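Below is one structure, written out as structure tokens; comments come after it.
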Amino acid sequence: MSHFIVIGAGQAGQSIVTTLRGQGFDGRITLIGDEPAPPYQRPPLSKAYLLGEMELERLFLRPESYYADENITLRTNAKVTGIDPKAKTVSIGDEVLSYDKLALATGSAPRLLPAAIGGELEGVYTMRTLADADAIEPEFREGASVLIVGGGYIGLEAAAVASKKGLKVTLVEMADRILQRVASKETSDYFRALHSSHGVDLREGVGLVKLSGDGRVKTADLTDGTTLDVDFVIVGVGIIPGTELAELAGLALENGIKTDLHGATSDPDIFAAGDCASFPHEGVQMRLESVGNAIDQGAVVAKNMLGQDVIYTPKPWFWSDQYDVKLQIAGLSTGHDQVVIREGDGTRSHWYYKDGQLIAIDAINDPRGYMVAKRLIESGKTADPDKVADPSTDLKQLMRG
Ligand SMILES: NC(=O)c1ccc[n+]([C@@H]2O[C@H](COP(=O)([O-])OP(=O)(O)OC[C@H]3O[C@@H](n4cnc5c(N)ncnc54)[C@H](O)[C@@H]3O)[C@@H](O)[C@H]2O)c1
């Protein structure tokens with residue numbers, strides 16, 4: 001009987017095994033993860049879970065009984081230590097498992113601050129895993145002072161939770177503006193104003209010089225010359241794709257584990273999906289760090305592991321919850337040459353165009369605008385910018401062109 005092994009029990013790994021069974025694969029499946037919990041959703045960790053508004057079980061992607069019901073061997077707390085592509089085996093310490101097809105869904109790890117600037121002091125946290133969220137949660141005491149390093153989604157979502165819980169929040173972003181890697185200037189402007197209105201001391205173009213303390217962090221020296229007293233620090237300075245096993249196995253790497261349009265690595269029996277994997281897109285090896293990518297690319301990889309011929313076409317979508325604001329993003333705004341702002345009753349959306357073509361939307365409390373733009377983008381259609389900007393235009397009319 002064929003044995004398919006999936007390394008990495010996150011969103012992409014779950015998508016692969018679910019799709020394998022959904023497609024009728026009746027061979028053996030082993031899903032291996034190094035965390036104690038079964039596959040769970042990460043997005044709520046920096047939002048509802050941290051706020052104490054979500055039970056642990058609701059984080060799980062499937063009830064624990066699912067794996068036995070679907071005859072999937074779920075190995076938790078198991079760290080794969082090596083892959084031998086010639087022998088087609090995977091090692092977990094001394095244990096050796098043989099595979100027919102293998103998928104790497106090894107995700108990513110948070111970038112850490114160097115020990116030389118205090119990154120290893122107690123009270124300095126990253127925010128990626130359930131264990132991270134559980135470790136930080138007790139620090140969220142009303143009146144405590146937190147420094148957040150990094151103005152990406154991790155930093156901003158953590159800042160929103162901290163502010164809501166009555167902490168004194170300072171956030172430093174080294175780049176000129178928050179969200180520079182992932183969003184437009186217009187969207188950065190909106191979120192800067194939102195956080196400032198909630199009392200967050202948000203400093204852009206400011207980095208960290210050093211964290212100090214006797215064992216536990218007490219102060220932070222910043223590049224703007226100030227020194228802050230801090231109770232704890234959250235570091236959200238980006239991620240590093242999980243390529244170590246692939247590298248040890250001699251697989252090709254390029255901006256992550258290099259895959260082709262089918263999600264196959266340089267070894268035809270080994271596939272990769274999710275944060276760890278790059279794929280060809282418009283002349284570059286692109287990597288998308290998102291739940292949507294993990295799910296969609298995972299599904300494509302599963303089908304191709306079964307010998308189908310499915311090509312991965314990314315349809316990027318993201319979301320972020322901060323205070324009472326829901327940001328929904330479809331498409332990629334990179335390279336846009338025009339931004340159209342549409343404002344309605346409590347809604348706002350930024351529509352991005354390149355050479356007259358709608359390429360992305362950032363919708364702020366505007367689920368209808370998001371749905372319409374997402375459909376247009378995914379079907380390669382566009383919408384007249386003047387009509388988009390006019391709040392009296394019925395969104396359904398945009399769909400008709
Ligand atoms: N809602 C969502 O979609 C969501 C939520 C949370 C996390 N995530 C994802 O999780 C991953 C990690 O998130 P993230 O926010 O850590 O990564 P990120 O790469 O999106 O943002 C990191 C930010 O830190 C800044 N930075 C780097 N070094 C710094 C320093 N020394 N001092 C100050 N600023 C510094 C960078 O300029 C950047 O703006 C990303 O893929 C992110 O998209 C997504």
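By order of appearance in the structure tokens: chains A, B, ..., then residues from 1 within every chain, and ligands from 1 in the order shown.
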Please report, as a tab-separated table, each residue of chain A lying at most 7 Å from ligand 1, together with the nearest pair of atoms and the separation in Å rounded to one decimal; use only C-alpha atoms and all ligand atoms, and order rows by chain and ascending residue number.
```
residue	atom	partner	partner_atom_place_in_ligand_line	distance
A:Pro43	CA	ligand 1	5 (C)	5.8
A:Ser46	CA	ligand 1	6 (C)	6.6
A:Pro110	CA	ligand 1	12 (C)	6.7
A:Val149	CA	ligand 1	33 (C)	4.9
A:Gly150	CA	ligand 1	24 (O)	3.4
A:Gly151	CA	ligand 1	39 (O)	4.7
A:Gly152	CA	ligand 1	15 (O)	3.4
A:Tyr153	CA	ligand 1	15 (O)	4.2
A:Ile154	CA	ligand 1	15 (O)	3.8
A:Gly155	CA	ligand 1	15 (O)	5.4
A:Glu157	CA	ligand 1	5 (C)	6.8
A:Val172	CA	ligand 1	33 (C)	5.3
A:Glu173	CA	ligand 1	34 (N)	3.9
A:Met174	CA	ligand 1	33 (C)	3.9
A:Ala175	CA	ligand 1	37 (O)	4.8
A:Ile178	CA	ligand 1	39 (O)	5.5
A:Leu179	CA	ligand 1	39 (O)	5.2
A:Gln180	CA	ligand 1	39 (O)	5.6
A:Arg181	CA	ligand 1	39 (O)	5.9
A:Val182	CA	ligand 1	20 (O)	6.4
A:Val206	CA	ligand 1	33 (C)	6.5
A:Gly207	CA	ligand 1	32 (N)	4.1
A:Leu208	CA	ligand 1	32 (N)	5.2
A:Gly236	CA	ligand 1	16 (O)	3.5
A:Val237	CA	ligand 1	24 (O)	3.6
A:Gly238	CA	ligand 1	17 (O)	3.2
A:Ile239	CA	ligand 1	12 (C)	5.3
A:Glu289	CA	ligand 1	41 (O)	4.4
A:Ser290	CA	ligand 1	3 (O)	6.2
A:Phe318	CA	ligand 1	3 (O)	5.0
A:Trp319	CA	ligand 1	1 (N)	4.8
A:Ser320	CA	ligand 1	1 (N)	3.7
A:Asp321	CA	ligand 1	1 (N)	6.8
```
### Task
Find the spatial neighbours of A:Gly298, counting only C-alpha atoms, within a cut-off of 10 Å - ignore same-chain residues fewer than 2 positions away - and output them as number ranges by chain.
A: 11-20, 103-105, 263, 271-274, 292-296, 300-304, 312
Suppose we keep C-alpha atoms; can you now write the selection as a short mmCIF file (atom, residue, chain, number, x, y, z; two decimals), in the first residue's frame?
```
data_model
loop_
_atom_site.label_atom_id
_atom_site.label_comp_id
_atom_site.auth_asym_id
_atom_site.auth_seq_id
_atom_site.Cartn_x
_atom_site.Cartn_y
_atom_site.Cartn_z
CA GLN A 11 -2.56 24.82 7.76
CA ALA A 12 -0.77 23.58 4.60
CA GLY A 13 -0.15 20.09 6.00
CA GLN A 14 -3.80 19.83 7.00
CA SER A 15 -4.92 20.96 3.56
CA ILE A 16 -2.74 18.29 1.92
CA VAL A 17 -4.08 15.39 3.99
CA THR A 18 -7.69 16.56 3.76
CA THR A 19 -7.40 16.84 -0.02
CA LEU A 20 -5.69 13.45 -0.35
CA ALA A 103 5.28 16.70 1.14
CA LEU A 104 7.09 19.40 3.07
CA ALA A 105 4.75 21.82 4.81
CA GLY A 263 4.39 22.20 -6.23
CA PHE A 271 6.47 18.36 -2.91
CA ALA A 272 6.26 21.51 -0.82
CA ALA A 273 3.48 23.95 0.10
CA GLY A 274 2.74 26.91 2.35
CA GLY A 292 -5.09 31.25 1.81
CA ASN A 293 -1.86 30.24 0.12
CA ALA A 294 -1.29 27.36 2.54
CA ILE A 295 -4.76 25.98 1.86
CA ASP A 296 -4.81 26.45 -1.91
CA VAL A 300 -2.79 21.52 -5.52
CA VAL A 301 0.17 19.61 -4.10
CA ALA A 302 -2.09 16.81 -2.83
CA LYS A 303 -3.67 16.38 -6.28
CA ASN A 304 -0.27 16.30 -7.96
CA TYR A 312 -1.03 26.41 -8.99
#
```
Excluding same-chain residues fewer than 3 positions from A:Gln285, what lies within 9 Å of it counting only C-alpha atoms, as a JSON list (two decimals) with N, CA and C atoms, in the first residue's frame?
```json
[["chain", "number", "residue", "atom", "x", "y", "z"],
["A", 254, "GLU", "N", 15.28, 28.45, -3.40],
["A", 254, "GLU", "CA", 15.33, 29.80, -3.95],
["A", 254, "GLU", "C", 14.19, 30.57, -3.31],
["A", 255, "ASN", "N", 14.48, 31.48, -2.44],
["A", 255, "ASN", "CA", 13.45, 32.18, -1.68],
["A", 255, "ASN", "C", 12.53, 31.18, -0.98],
["A", 256, "GLY", "N", 13.11, 30.17, -0.34],
["A", 256, "GLY", "CA", 12.34, 29.09, 0.26],
["A", 256, "GLY", "C", 12.64, 27.80, -0.49],
["A", 258, "LYS", "N", 12.32, 25.53, -3.39],
["A", 258, "LYS", "CA", 11.93, 25.87, -4.76],
["A", 258, "LYS", "C", 10.99, 24.79, -5.32],
["A", 259, "THR", "N", 9.82, 25.22, -5.77],
["A", 259, "THR", "CA", 8.91, 24.26, -6.42],
["A", 259, "THR", "C", 8.57, 24.76, -7.82],
["A", 278, "SER", "N", 8.46, 28.26, -2.39],
["A", 278, "SER", "CA", 8.35, 29.31, -3.41],
["A", 278, "SER", "C", 7.89, 28.66, -4.72],
["A", 279, "PHE", "N", 7.21, 29.44, -5.54],
["A", 279, "PHE", "CA", 6.67, 28.90, -6.79],
["A", 279, "PHE", "C", 6.85, 29.95, -7.89],
["A", 280, "PRO", "N", 6.93, 29.51, -9.15],
["A", 280, "PRO", "CA", 7.17, 30.49, -10.22],
["A", 280, "PRO", "C", 5.94, 31.37, -10.45],
["A", 281, "HIS", "N", 6.16, 32.67, -10.47],
["A", 281, "HIS", "CA", 5.05, 33.59, -10.70],
["A", 281, "HIS", "C", 5.62, 34.85, -11.33],
["A", 282, "GLU", "N", 5.18, 35.12, -12.56],
["A", 282, "GLU", "CA", 5.62, 36.31, -13.29],
["A", 282, "GLU", "C", 7.14, 36.47, -13.24]]
```
### Task
Extract the full set of helix (DSSP H, G or I) residues from stretch 131-364 of chain A according to DSSP on the backbone, and format it as JSON, numbers by chain.
{"A": [131, 132, 133, 134, 135, 136, 137, 138, 139, 153, 154, 155, 156, 157, 158, 159, 160, 161, 162, 163, 164, 185, 186, 187, 188, 189, 190, 191, 192, 193, 194, 195, 196, 197, 244, 245, 246, 247, 248, 291, 292, 293, 294, 295, 296, 297, 298, 299, 300, 301, 302, 303, 304, 305]}
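Every protein or nucleic acid residue with an atom no more than 10 Å from A:Leu130, counting only C-alpha atoms and leaving out same-chain residues fewer than 2 positions away, appears here: Glu35, Pro36, Ala37, Tyr40, Gln41, Arg42, Pro44, Leu45, Ser46, Tyr49, Leu50, Leu56, Leu59, Met127, Arg128, Asp132, Ala133, Asp134, Ala135 and Ile136 of chain A.
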### Message
Write out as a PyMOL selection string the set of residues from stretch 74-286 of chain A that DSSP, computed on the backbone, places in strand (DSSP E).
### Response
chain A and resi 74-75+82-84+89-92+95-98+101-104+108-110+124-126+145-149+168-173+201-204+208-212+219-222+227-229+232-235+239-241+257-258+270-272+277-281+284-286
### Message
For a quick check of understanding, using only C-alpha atoms, which of A:Leu211, A:Val233, A:Met399, A:Leu171 has the smallest distance to A:Ser379?
### Response
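Answer, going by the shortest atom-to-atom distance: A:Met399.
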### Task
Tell me, as a VMD selection string, which residues lie within 8 Å of A:Ile377, counting only C-alpha atoms; anything in the same chain fewer than 2 positions away does not count.
chain A and resid 330 to 331 358 to 360 373 to 375 379 to 382
Output the selection as a tab-separated table (two decimals), in the first residue's frame - C-alpha atoms for each residue.
```tsv
chain	number	residue	atom	x	y	z
A	330	ALA	CA	-7.55	40.40	-2.24
A	331	GLY	CA	-4.88	40.37	-4.93
A	358	LEU	CA	-7.73	46.25	-11.15
A	359	ILE	CA	-5.09	44.16	-9.32
A	360	ALA	CA	-5.93	44.35	-5.61
A	373	ALA	CA	-13.35	43.34	-6.19
A	374	LYS	CA	-12.12	39.80	-5.39
A	375	ARG	CA	-14.41	38.34	-8.03
A	379	SER	CA	-11.77	36.66	-13.27
A	380	GLY	CA	-9.29	39.11	-14.80
A	381	LYS	CA	-11.93	41.84	-15.12
A	382	THR	CA	-11.60	45.46	-14.05
```
### Nearest to A:Pro138 by atom-to-atom distance, counting only C-alpha atoms, from A:Leu51, A:Ser163, A:Asp201, A:Ser65
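Distance minimum relative to A:Pro138 lands on A:Leu51.
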### Task
Within 9 Å of stretch 75-77 of chain A, counting only C-alpha atoms, which residues show up once you throw out same-chain ones fewer than 6 positions away? Write them as a PyMOL selection string, please.
chain A and resi 9+30-38
